[in-house]
$ cat upload_0.tsv   # TSV, C-alpha atoms
chain	number	residue	atom	x	y	z
K	1	MET	CA	0.00	0.00	0.00
K	2	ARG	CA	1.34	3.44	-0.93
K	3	ARG	CA	2.36	5.61	2.01
K	4	LYS	CA	0.36	8.81	2.60
K	5	PRO	CA	2.99	11.40	3.58
K	6	ILE	CA	1.92	13.92	6.20
K	7	LEU	CA	3.77	17.04	7.21
K	8	THR	CA	2.01	16.89	10.54
K	9	GLY	CA	3.74	13.72	11.64
K	10	VAL	CA	7.14	14.98	10.57
K	11	ILE	CA	6.87	18.47	12.05
K	12	ILE	CA	5.10	17.58	15.29
K	13	ALA	CA	7.31	14.59	15.88
K	14	GLY	CA	10.36	16.80	15.46
K	15	MET	CA	8.99	19.35	17.94
K	16	LEU	CA	7.81	16.90	20.58
K	17	LEU	CA	10.51	14.27	20.47
K	18	ALA	CA	13.58	16.44	20.86
K	19	ALA	CA	13.80	15.49	24.53
K	20	ALA	CA	12.67	11.88	24.15
K	21	PRO	CA	15.03	8.89	24.33
K	22	MET	CA	15.48	7.69	20.78
K	23	ALA	CA	17.38	4.76	19.27
K	24	GLN	CA	15.30	4.20	16.19
K	25	ALA	CA	16.20	1.61	13.57
K	26	ASP	CA	15.74	2.30	9.87
K	27	GLU	CA	12.38	1.69	8.28
K	28	SER	CA	13.87	-0.92	5.95
K	29	ASP	CA	15.06	-3.04	8.88
K	30	LEU	CA	13.35	-6.37	9.41
K	31	ALA	CA	11.13	-6.42	12.48
K	32	VAL	CA	12.54	-9.76	13.59
K	33	ASP	CA	16.08	-8.33	13.54
K	34	VAL	CA	15.09	-5.21	15.49
K	35	LEU	CA	13.28	-7.39	18.04
K	36	ASP	CA	16.56	-9.16	18.78
K	37	THR	CA	18.15	-5.83	19.78
K	38	LEU	CA	15.56	-5.02	22.49
K	39	THR	CA	16.26	-5.49	26.18
K	40	VAL	CA	14.55	-8.65	27.45
K	41	THR	CA	13.35	-9.19	31.01
K	42	ASP	CA	12.14	-12.44	32.55
K	43	THR	CA	8.75	-11.02	33.53
K	44	GLN	CA	6.90	-7.73	33.18
K	45	ALA	CA	7.53	-5.43	36.12
K	46	ASP	CA	4.60	-3.68	37.81
K	47	VAL	CA	6.12	-0.27	38.51
K	48	PRO	CA	4.16	1.89	40.96
K	49	GLY	CA	3.22	5.50	40.27
K	50	TYR	CA	1.29	5.19	36.99
K	51	ASP	CA	-1.65	7.60	36.90
K	52	GLY	CA	-3.24	7.40	33.45
K	53	ASP	CA	-3.66	10.78	31.77
K	54	GLU	CA	-1.56	12.49	34.44
K	55	SER	CA	1.46	10.36	33.53
K	56	PHE	CA	1.03	10.96	29.77
K	57	GLU	CA	-0.70	14.13	28.58
K	58	TYR	CA	-2.38	14.08	25.19
K	59	PRO	CA	-3.52	15.09	22.65
K	60	ALA	CA	-1.01	17.87	22.12
K	61	ASP	CA	-1.77	21.10	20.30
K	62	VAL	CA	-0.38	21.49	16.80
K	63	ASP	CA	0.70	24.40	14.63
K	64	ASP	CA	-2.33	26.58	13.90
K	65	ASP	CA	-0.73	27.94	10.73
K	66	ILE	CA	-0.51	24.47	9.23
K	67	TYR	CA	-3.65	22.74	10.51
K	68	GLY	CA	-5.92	25.45	11.77
K	69	PRO	CA	-6.73	26.82	15.19
K	70	LYS	CA	-9.03	23.94	16.13
K	71	ALA	CA	-6.67	21.05	15.30
K	72	ASP	CA	-4.90	18.83	17.79
K	73	MET	CA	-2.81	15.68	17.46
K	74	TRP	CA	-5.91	13.50	17.11
K	75	ASP	CA	-6.91	15.47	14.01
K	76	VAL	CA	-3.41	14.91	12.62
K	77	ILE	CA	-3.90	11.14	12.89
K	78	TYR	CA	-7.40	11.34	11.44
K	79	MET	CA	-6.00	13.14	8.40
K	80	ARG	CA	-3.26	10.56	8.00
K	81	ASP	CA	-5.38	7.44	8.43
K	82	PHE	CA	-8.80	8.32	6.97
K	83	ASP	CA	-9.63	8.08	3.30
K	84	PRO	CA	-8.77	11.65	2.17
K	85	ALA	CA	-11.79	11.79	-0.12
K	86	THR	CA	-14.13	11.37	2.87
K	87	ILE	CA	-12.66	13.86	5.35
K	88	LYS	CA	-14.67	16.87	6.46
K	89	SER	CA	-13.05	19.44	8.73
K	90	ASP	CA	-13.48	22.99	10.01
K	91	ASP	CA	-10.34	24.97	10.83
K	92	GLY	CA	-8.46	21.70	11.24
K	93	ASP	CA	-11.11	20.04	13.42
K	94	VAL	CA	-12.04	16.78	11.64
K	95	SER	CA	-15.76	16.12	11.96
K	96	TYR	CA	-16.19	13.22	9.55
K	97	GLY	CA	-14.15	10.56	7.78
K	98	VAL	CA	-14.01	6.88	6.81
K	99	LEU	CA	-11.31	4.53	8.03
K	100	ARG	CA	-10.73	1.96	5.30
K	101	ASN	CA	-9.67	-1.56	6.28
K	102	ASP	CA	-9.63	-0.90	10.02
K	103	PRO	CA	-6.52	-2.59	11.48
K	104	TYR	CA	-8.48	-4.37	14.21
K	105	SER	CA	-11.57	-5.50	12.28
K	106	GLY	CA	-10.64	-5.38	8.59
K	107	LYS	CA	-13.82	-3.38	7.93
K	108	ASP	CA	-14.54	0.18	6.83
K	109	VAL	CA	-15.51	2.25	9.88
K	110	THR	CA	-17.11	5.70	9.83
K	111	TYR	CA	-16.16	8.51	12.19
K	112	GLU	CA	-18.65	11.25	12.92
K	113	LYS	CA	-17.81	13.74	15.63
K	114	GLY	CA	-20.55	14.11	18.18
K	115	GLY	CA	-22.13	10.78	17.25
K	116	ALA	CA	-21.60	7.31	18.68
K	117	SER	CA	-17.90	6.70	19.21
K	118	GLU	CA	-16.83	4.12	16.59
K	119	ILE	CA	-13.20	5.18	16.16
K	120	ASP	CA	-10.52	5.77	18.78
K	121	ILE	CA	-6.95	6.92	18.56
K	122	GLU	CA	-4.95	3.93	19.78
K	123	HIS	CA	-1.64	3.90	21.63
K	124	VAL	CA	-0.13	0.80	20.00
K	125	VAL	CA	2.11	0.25	23.02
K	126	ALA	CA	-0.30	0.86	25.90
K	127	ARG	CA	0.79	3.71	28.15
K	128	SER	CA	0.81	1.53	31.26
K	129	GLU	CA	2.88	-1.05	29.36
K	130	ALA	CA	5.33	1.72	28.40
K	131	TRP	CA	5.44	2.87	32.03
K	132	ASP	CA	6.36	-0.61	33.25
K	133	SER	CA	8.87	-1.08	30.41
K	134	GLY	CA	10.97	1.99	31.16
K	135	ALA	CA	8.87	5.16	30.78
K	136	SER	CA	8.53	5.55	34.55
K	137	GLU	CA	12.11	6.83	34.54
K	138	TRP	CA	11.44	9.55	31.94
K	139	THR	CA	10.67	13.20	32.45
K	140	GLN	CA	7.10	14.42	31.97
K	141	ALA	CA	8.11	16.05	28.68
K	142	GLN	CA	9.49	12.75	27.39
K	143	ARG	CA	6.33	10.86	28.34
K	144	ASP	CA	4.15	13.49	26.68
K	145	ALA	CA	6.27	13.24	23.53
K	146	PHE	CA	5.78	9.47	23.52
K	147	ALA	CA	2.01	9.77	23.94
K	148	ASN	CA	1.76	12.13	20.95
K	149	ASP	CA	4.22	10.41	18.60
K	150	PRO	CA	2.55	9.45	15.27
K	151	LEU	CA	4.58	6.23	15.31
K	152	GLU	CA	2.76	5.24	18.51
K	153	LEU	CA	-0.70	6.31	17.32
K	154	LEU	CA	-3.29	4.69	15.04
K	155	ALA	CA	-6.92	5.33	14.22
K	156	VAL	CA	-8.77	2.08	14.94
K	157	SER	CA	-12.24	0.81	15.73
K	158	SER	CA	-13.20	1.63	19.31
K	159	GLY	CA	-14.11	-1.99	20.09
K	160	GLY	CA	-10.66	-3.19	19.07
K	161	ASN	CA	-8.95	-0.43	21.05
K	162	ARG	CA	-10.82	-1.36	24.20
K	163	ALA	CA	-10.18	-5.08	23.68
K	164	HIS	CA	-6.46	-4.33	23.44
K	165	GLY	CA	-6.60	-2.30	26.64
K	166	GLU	CA	-3.25	-2.40	28.47
K	167	LYS	CA	-2.09	-5.81	27.20
K	168	ASP	CA	1.17	-6.55	25.43
K	169	ALA	CA	1.52	-8.91	22.45
K	170	ALA	CA	1.41	-11.96	24.72
K	171	GLY	CA	-2.03	-10.90	25.93
K	172	TRP	CA	-3.68	-9.54	22.81
K	173	LEU	CA	-3.33	-9.42	19.03
K	174	PRO	CA	-5.68	-8.24	16.27
K	175	SER	CA	-6.33	-11.92	15.49
K	176	VAL	CA	-7.82	-12.22	18.99
K	177	GLY	CA	-9.98	-9.17	18.41
K	178	VAL	CA	-13.18	-8.52	20.35
K	179	LYS	CA	-14.17	-11.86	21.83
K	180	SER	CA	-17.72	-10.80	22.65
K	181	THR	CA	-18.47	-10.07	18.99
K	182	SER	CA	-15.91	-12.40	17.32
K	183	VAL	CA	-14.66	-9.41	15.30
K	184	ASN	CA	-10.95	-9.67	14.57
K	185	ASN	CA	-8.34	-9.18	11.85
K	186	PRO	CA	-5.59	-11.85	11.74
K	187	ALA	CA	-4.13	-10.17	8.63
K	188	TYR	CA	-2.95	-7.26	10.77
K	189	ASP	CA	-0.92	-9.21	13.34
K	190	CYS	CA	2.38	-8.73	11.49
K	191	TYR	CA	1.92	-4.96	11.09
K	192	TYR	CA	0.78	-4.64	14.69
K	193	VAL	CA	3.75	-6.47	16.17
K	194	ALA	CA	6.20	-4.67	13.86
K	195	ARG	CA	4.83	-1.30	14.97
K	196	GLN	CA	5.14	-2.22	18.64
K	197	ILE	CA	8.75	-3.29	18.02
K	198	ALA	CA	9.47	0.01	16.24
K	199	VAL	CA	8.06	1.99	19.17
K	200	LYS	CA	9.96	-0.03	21.78
K	201	ASP	CA	13.15	0.29	19.77
K	202	LYS	CA	12.75	4.04	19.36
K	203	TYR	CA	12.14	4.61	23.07
K	204	ASP	CA	14.45	1.90	24.41
K	205	LEU	CA	11.58	0.07	26.12
K	206	SER	CA	12.03	-3.53	27.23
K	207	VAL	CA	10.06	-6.66	26.35
K	208	ASP	CA	9.49	-9.59	28.67
K	209	MET	CA	10.09	-13.19	27.62
K	210	ALA	CA	6.42	-14.05	27.03
K	211	GLU	CA	5.95	-10.89	24.98
K	212	LYS	CA	9.02	-11.59	22.85
K	213	ASP	CA	7.94	-15.20	22.27
K	214	ALA	CA	4.53	-14.01	21.07
K	215	MET	CA	6.14	-11.50	18.71
K	216	GLU	CA	8.50	-14.13	17.31
K	217	ASP	CA	5.58	-16.50	16.70
K	218	VAL	CA	3.81	-13.82	14.67
K	219	LEU	CA	6.89	-12.79	12.70
K	220	ALA	CA	7.64	-16.41	11.83
K	221	THR	CA	4.64	-16.13	9.50
K	222	CYS	CA	5.98	-12.95	7.84
K	223	PRO	CA	9.80	-12.91	8.08
K	224	ALA	CA	10.09	-10.12	5.51
K	225	GLN	CA	8.02	-7.70	7.62
K	226	THR	CA	9.78	-4.38	8.12
K	227	ILE	CA	9.19	-1.73	10.78
K	228	PRO	CA	7.39	1.57	10.06
K	229	ASP	CA	8.42	5.14	10.81
K	230	GLU	CA	6.45	8.24	11.93
K	231	ARG	CA	5.17	8.93	8.41
K	232	ASP	CA	3.42	5.58	8.07
K	233	GLY	CA	-0.18	4.91	8.86
K	234	ALA	CA	-1.62	1.49	9.59
K	235	TYR	CA	-0.07	-0.10	6.48
K	236	TRP	CA	3.27	0.30	4.79
K	237	GLU	CA	5.24	-1.53	2.15
K	238	SER	CA	7.96	-3.98	3.08
K	239	GLY	CA	9.43	-3.99	-0.42
K	240	ASP	CA	12.69	-2.42	0.67
K	241	ALA	CA	13.60	-5.46	2.77
K	242	GLU	CA	16.22	-7.84	1.53
K	243	PRO	CA	14.53	-10.81	-0.15
K	244	LEU	CA	14.52	-14.06	1.75
K	245	PRO	CA	17.09	-16.50	0.41
K	246	GLY	CA	15.30	-19.27	-1.42
K	247	ASP	CA	11.97	-17.37	-1.48
K	248	VAL	CA	11.22	-18.42	-5.04
K	249	ASN	CA	7.85	-16.72	-5.45
K	250	GLY	CA	8.91	-13.57	-3.59
K	251	ASP	CA	5.99	-13.47	-1.15
K	252	GLY	CA	8.25	-13.09	1.88
K	253	GLU	CA	7.39	-16.53	3.23
K	254	TYR	CA	8.57	-20.10	2.89
K	255	THR	CA	5.64	-22.15	1.56
K	256	THR	CA	4.91	-24.92	-0.93
K	257	GLY	CA	4.48	-22.08	-3.42
K	258	ASP	CA	8.29	-21.98	-3.53
K	259	LEU	CA	8.44	-25.68	-4.51
K	260	THR	CA	6.88	-25.56	-7.97
K	261	GLY	CA	10.18	-26.72	-9.46
K	262	LEU	CA	10.08	-30.08	-7.68
K	263	THR	CA	9.78	-33.22	-9.82
K	264	ALA	CA	9.00	-36.69	-8.53
K	265	VAL	CA	10.77	-39.45	-10.45
K	266	VAL	CA	9.35	-42.98	-10.22
K	267	ASP	CA	11.21	-45.83	-11.90
K	268	GLY	CA	13.30	-43.33	-13.86
K	269	GLN	CA	10.31	-41.39	-15.25
K	270	PRO	CA	8.65	-38.12	-14.10
K	271	TYR	CA	5.59	-38.90	-12.01
K	272	ALA	CA	2.70	-37.03	-13.61
K	273	GLY	CA	0.50	-37.11	-10.51
K	274	PHE	CA	2.93	-35.18	-8.29
K	275	ALA	CA	1.96	-31.73	-6.94
K	276	PRO	CA	3.91	-29.72	-4.32
K	277	ASP	CA	0.83	-29.11	-2.18
K	278	ALA	CA	-0.19	-32.81	-1.97
K	279	ASP	CA	1.72	-34.96	0.48
K	280	SER	CA	0.70	-38.63	-0.02
K	281	TYR	CA	0.98	-40.91	-3.05
K	282	ARG	CA	0.09	-44.60	-3.53
K	283	LEU	CA	2.02	-46.53	-6.17
K	284	PRO	CA	1.00	-49.87	-7.77
K	285	ASP	CA	2.33	-53.04	-6.18
K	286	GLY	CA	5.78	-54.01	-7.34
K	287	ASP	CA	9.38	-52.93	-6.93
K	288	HIS	CA	9.97	-49.17	-7.40
K	289	THR	CA	12.69	-46.56	-7.28
K	290	VAL	CA	11.46	-43.13	-6.16
K	291	ASP	CA	13.24	-39.78	-5.86
K	292	ILE	CA	12.46	-36.06	-5.86
K	293	THR	CA	14.60	-33.48	-7.62
K	294	GLY	CA	14.54	-29.72	-8.15
K	295	ALA	CA	14.66	-28.33	-4.59
K	296	PRO	CA	15.39	-24.56	-4.63
K	297	ASP	CA	18.88	-23.31	-3.86
K	298	GLY	CA	19.47	-23.10	-0.12
K	299	TRP	CA	16.78	-25.66	0.68
K	300	THR	CA	17.58	-29.12	1.99
K	301	MET	CA	15.88	-32.48	1.52
K	302	THR	CA	16.16	-35.66	3.55
K	303	ARG	CA	15.12	-39.11	2.34
K	304	ALA	CA	14.00	-42.05	4.46
K	305	THR	CA	12.70	-45.53	3.59
K	306	GLU	CA	10.67	-47.71	5.94
K	307	THR	CA	9.50	-51.27	5.32
K	308	SER	CA	6.94	-53.32	7.19
K	309	GLY	CA	6.34	-56.76	5.72
K	310	LEU	CA	5.60	-56.17	2.05
K	311	ALA	CA	4.74	-52.48	2.62
K	312	VAL	CA	7.31	-49.82	1.68
K	313	THR	CA	7.13	-46.10	2.56
K	314	ARG	CA	9.57	-43.62	1.01
K	315	THR	CA	9.49	-40.17	2.66
K	316	PHE	CA	11.02	-36.90	1.45
K	317	THR	CA	11.20	-33.98	3.92
K	318	ILE	CA	11.76	-30.50	2.44
K	319	VAL	CA	13.33	-27.88	4.74
K	320	ALA	CA	13.58	-24.13	4.03
K	321	PRO	CA	16.82	-22.15	4.50
K	322	ASP	CA	15.66	-20.98	7.96
K	323	GLY	CA	15.20	-24.57	9.14
K	324	THR	CA	11.41	-24.65	8.79
K	325	THR	CA	9.97	-27.92	7.51
K	326	VAL	CA	7.70	-26.83	4.67
K	327	ALA	CA	6.62	-30.14	3.13
K	328	SER	CA	6.85	-33.89	3.60
K	329	TYR	CA	6.00	-36.24	0.72
K	330	ARG	CA	5.23	-39.95	1.24
K	331	PHE	CA	5.17	-42.62	-1.46
K	332	THR	CA	3.83	-46.03	-0.42
K	333	TRP	CA	3.51	-49.35	-2.22
K	334	ASP	CA	3.56	-53.10	-1.59
K	335	THR	CA	6.30	-55.28	-2.98
K	336	VAL	CA	5.35	-58.51	-4.83
K	337	GLY	CA	6.14	-61.77	-2.89
K	338	GLN	CA	8.53	-64.36	-4.40
K	339	THR	CA	6.93	-67.26	-6.30
K	340	GLY	CA	9.93	-69.60	-6.74
K	341	GLY	CA	11.86	-70.47	-9.92
K	342	GLY	CA	10.29	-71.39	-13.28
K	343	ASP	CA	6.81	-72.86	-13.30
K	344	THR	CA	7.29	-74.96	-10.16
K	345	PRO	CA	4.98	-73.69	-7.44
K	346	GLN	CA	6.61	-72.67	-4.19
K	347	THR	CA	6.53	-75.44	-1.60
K	348	PRO	CA	5.54	-74.31	1.87
K	349	VAL	CA	8.33	-74.79	4.39
K	350	VAL	CA	7.59	-76.14	7.83
K	351	PRO	CA	9.78	-74.40	10.43
K	352	ASP	CA	12.20	-76.54	12.42
K	353	ALA	CA	11.93	-76.53	16.19
K	354	ASP	CA	15.35	-74.89	16.48
K	355	ASP	CA	14.51	-71.99	14.10
K	356	ASP	CA	13.82	-68.48	15.43
K	357	ALA	CA	10.08	-67.93	15.39
K	358	ASP	CA	10.54	-64.16	14.89
K	359	ALA	CA	12.73	-64.38	11.80
K	360	GLY	CA	11.68	-62.55	8.65
K	361	ASP	CA	8.06	-63.21	7.72
K	362	GLY	CA	7.54	-65.81	10.47
K	363	ALA	CA	8.61	-68.81	8.34
K	364	ALA	CA	11.87	-70.53	9.33
K	365	GLU	CA	14.41	-71.48	6.70
K	366	ALA	CA	14.32	-75.13	5.52
K	367	PRO	CA	17.60	-77.12	5.76
K	368	ASP	CA	19.73	-77.46	2.62
K	369	ALA	CA	17.60	-75.01	0.63
K	370	GLY	CA	18.76	-71.42	0.30
K	371	ASP	CA	15.39	-70.11	-0.82
K	372	GLY	CA	13.32	-72.19	1.61
K	373	THR	CA	12.15	-74.55	-1.18
K	374	VAL	CA	13.03	-78.24	-1.39
K	375	PRO	CA	14.89	-78.86	-4.71
K	376	ALA	CA	12.80	-80.78	-7.23
K	377	ALA	CA	15.64	-83.34	-7.79
K	378	ASP	CA	15.49	-84.38	-4.14
K	379	GLN	CA	11.72	-84.79	-3.91
K	380	GLY	CA	11.63	-88.23	-5.64
K	381	ASP	CA	14.30	-89.68	-3.34
K	382	ARG	CA	12.30	-89.02	-0.23
K	383	LEU	CA	9.71	-91.48	1.11
K	384	PRO	CA	6.65	-89.78	2.48
K	385	ALA	CA	6.39	-90.29	6.21
K	386	THR	CA	2.93	-91.91	5.94
K	387	GLY	CA	4.23	-94.46	3.38
K	388	ALA	CA	7.12	-95.48	5.63
K	389	THR	CA	4.68	-96.16	8.45
K	390	VAL	CA	2.44	-98.40	6.29
K	391	LEU	CA	5.41	-100.37	4.96
K	392	GLY	CA	6.74	-100.97	8.48
K	393	VAL	CA	3.38	-102.34	9.64
K	394	GLY	CA	3.17	-104.71	6.62
K	395	VAL	CA	6.61	-106.29	7.17
K	396	SER	CA	5.84	-106.96	10.86
K	397	ALA	CA	2.56	-108.66	10.00
K	398	LEU	CA	4.23	-111.00	7.48
K	399	MET	CA	6.85	-112.01	10.02
K	400	ILE	CA	4.16	-112.88	12.60
K	401	ILE	CA	2.20	-114.94	10.05
K	402	ALA	CA	5.38	-116.84	9.03
K	403	CYS	CA	6.23	-117.63	12.63
K	404	GLY	CA	2.70	-118.89	13.24
K	405	ALA	CA	2.88	-121.20	10.25
K	406	LEU	CA	6.23	-122.63	11.38
K	407	LEU	CA	4.88	-123.38	14.86
K	408	ALA	CA	1.90	-125.15	13.38
K	409	VAL	CA	4.16	-127.44	11.30
K	410	LEU	CA	6.31	-128.33	14.32
K	411	ARG	CA	3.25	-129.23	16.42
K	412	ARG	CA	1.92	-131.49	13.72
K	413	ARG	CA	5.20	-133.40	13.49
K	414	THR	CA	5.30	-133.83	17.24
K	415	ARG	CA	1.86	-135.47	17.26
K	416	ASP	CA	2.88	-137.84	14.52
$ encode --input "upload_0.tsv" --output "structure tokens"
Amino acid sequence: MRRKPILTGVIIAGMLLAAAPMAQADESDLAVDVLDTLTVTDTQADVPGYDGDESFEYPADVDDDIYGPKADMWDVIYMRDFDPATIKSDDGDVSYGVLRNDPYSGKDVTYEKGGASEIDIEHVVARSEAWDSGASEWTQAQRDAFANDPLELLAVSSGGNRAHGEKDAAGWLPSVGVKSTSVNNPAYDCYYVARQIAVKDKYDLSVDMAEKDAMEDVLATCPAQTIPDERDGAYWESGDAEPLPGDVNGDGEYTTGDLTGLTAVVDGQPYAGFAPDADSYRLPDGDHTVDITGAPDGWTMTRATETSGLAVTRTFTIVAPDGTTVASYRFTWDTVGQTGGGDTPQTPVVPDADDDADAGDGAAEAPDAGDGTVPAADQGDRLPATGATVLGVGVSALMIIACGALLAVLRRRTRD
């Protein structure tokens, strides 16, 4: 979005901030880098002495010659943040305007002075939060400068402003919004956190660990987000930031949209059904070779193969230059079981008592047969166990009959 330059922000900021502590980074700096320069405390201190409007006086008067005798700092922000074509004012006093794409709701919100309050001027870093983060040690003039700094101020929907209250980023974000009405704006989280970081950097305010963690979580979704300066309203371009290495599509994020150059190769041929945003593929049964090629420069890919019985799973994990796992692709298939040599059907093998029952597929290896099959040449030389039993019984019976006959002959001769 194109910046709307305002002389008010530049001139008033210069007048008010001369005495304020300032250590501001450049607008082109990445928010995540500036965050790493802030002082971090274990927990948020609760510093006594804060007294609301007495601790920070606002809105400040502005130059009558530039804005008119009725203008104050709130009117300056209205002029910056409202759609210029909708603004109505009298001697600098803005009486009407439309806020397009409200940061906290994503909706257009109308401001009409004297009517129901639908728009507030928001302190992006709550004043009590600033007090506890270091402002308690400032002079009154420094605190007043902070409370009237255009970098710290935004026109927002009143419901969102009140939902934010005095919370830091660990307690509230635009994506949380107004819980009672379910009105929120997740698309503004990155801008919101970046603006808070810019303010805390400029005024040397600290962040606690929970607050920093929440900011890092947001910025992980928009690593190219830059910080604003006093001239910027709710939205500003991050185009001046250095491009992310390996960000192929240039959207400032690592996503599967950067992986359009990937090609899956199955059995030496490109796999037509492969798409970077689909993660699972089932191949026909058989033996396959699978690989993926074409990962962007700076990205890494790991390969892993897992087998379970006849099932094979080949997994490819794609990792962005910052270490984020962006995609994981799985190819699965079943191998075909062995059927023995030639046309001879495979002979089932009975496991020996001494064989390990957990070996391989549960079948123990037969003796003298490397593939578990009895060689055909040996089958004819073996007497089936049942046949051997029958033959043994027959021989014994013949011997008994012969002995009986011999005894009978001897008895007969004895009688004679």
$ atom_distance --input "upload_0.tsv" --atom1 "atom CA of K:Thr41" --atom2 "atom CA of K:Met209"
6.2 Å
$ atom_distance --input "upload_0.tsv" --atom1 "atom CA of K:Asp291" --atom2 "atom CA of K:Asp258"
18.6 Å
$ closest_residue --input "upload_0.tsv" --among "K:Asp189, K:Asp93, K:Asp229, K:Asp64" --to "K:Tyr78" --atoms "only C-alpha atoms"
K:Asp93
$ atom_distance --input "upload_0.tsv" --atom1 "atom CA of K:Thr289" --atom2 "atom CA of K:Ala264"
10.6 Å
$ closest_atom_pairs --input "upload_0.tsv" --of "stretch 44-122 of chain K" --to "stretch 176-185 of chain K" --cutoff "9 Å" --atoms "all atoms listed in the file" --output "CSV"
residue,atom,partner,partner_atom,distance
K:Asp102,CA,K:Asn185,CA,8.6
K:Pro103,CA,K:Asn185,CA,6.8
K:Tyr104,CA,K:Asn185,CA,5.4
K:Ser105,CA,K:Asn184,CA,4.8
K:Gly106,CA,K:Asn185,CA,5.5
K:Lys107,CA,K:Asn185,CA,8.9
$ write_last_selection --input "upload_0.tsv" --atoms "C-alpha atoms" --output "PDB file, in the frame of the given file"
ATOM      1  CA  ASP K 102      -9.630  -0.900  10.020  1.00  0.00           C
ATOM      2  CA  PRO K 103      -6.520  -2.590  11.480  1.00  0.00           C
ATOM      3  CA  TYR K 104      -8.480  -4.370  14.210  1.00  0.00           C
ATOM      4  CA  SER K 105     -11.570  -5.500  12.280  1.00  0.00           C
ATOM      5  CA  GLY K 106     -10.640  -5.380   8.590  1.00  0.00           C
ATOM      6  CA  LYS K 107     -13.820  -3.380   7.930  1.00  0.00           C
TER       7      LYS K 107
END
$ decode --input "upload_0.tsv" --residues "stretch 248-260 of chain K" --atoms "N, CA and C atoms" --output "short mmCIF file (atom, residue, chain, number, x, y, z; two decimals), in the first residue's frame"
data_model
loop_
_atom_site.label_atom_id
_atom_site.label_comp_id
_atom_site.auth_asym_id
_atom_site.auth_seq_id
_atom_site.Cartn_x
_atom_site.Cartn_y
_atom_site.Cartn_z
N VAL K 248 11.34 -18.36 -3.59
CA VAL K 248 11.22 -18.42 -5.04
C VAL K 248 10.13 -17.51 -5.57
N ASN K 249 8.96 -17.52 -4.92
CA ASN K 249 7.85 -16.72 -5.45
C ASN K 249 7.81 -15.30 -4.91
N GLY K 250 8.77 -14.95 -4.03
CA GLY K 250 8.91 -13.57 -3.59
C GLY K 250 7.81 -13.05 -2.70
N ASP K 251 7.07 -13.94 -2.01
CA ASP K 251 5.99 -13.47 -1.15
C ASP K 251 6.43 -13.21 0.28
N GLY K 252 7.75 -13.35 0.54
CA GLY K 252 8.25 -13.09 1.88
C GLY K 252 8.05 -14.21 2.86
N GLU K 253 7.63 -15.39 2.36
CA GLU K 253 7.39 -16.53 3.23
C GLU K 253 7.94 -17.79 2.57
N TYR K 254 8.20 -18.79 3.40
CA TYR K 254 8.57 -20.10 2.89
C TYR K 254 7.33 -20.99 2.89
N THR K 255 6.84 -21.34 1.70
CA THR K 255 5.64 -22.15 1.56
C THR K 255 5.84 -23.13 0.41
N THR K 256 4.85 -24.01 0.20
CA THR K 256 4.91 -24.92 -0.93
C THR K 256 4.84 -24.16 -2.26
N GLY K 257 4.45 -22.89 -2.20
CA GLY K 257 4.48 -22.08 -3.42
C GLY K 257 5.89 -21.87 -3.95
N ASP K 258 6.89 -22.08 -3.10
CA ASP K 258 8.29 -21.98 -3.53
C ASP K 258 8.80 -23.29 -4.13
N LEU K 259 7.98 -24.35 -4.12
CA LEU K 259 8.44 -25.68 -4.51
C LEU K 259 7.88 -26.13 -5.85
N THR K 260 7.47 -25.20 -6.68
CA THR K 260 6.88 -25.56 -7.97
C THR K 260 7.88 -26.22 -8.91
#
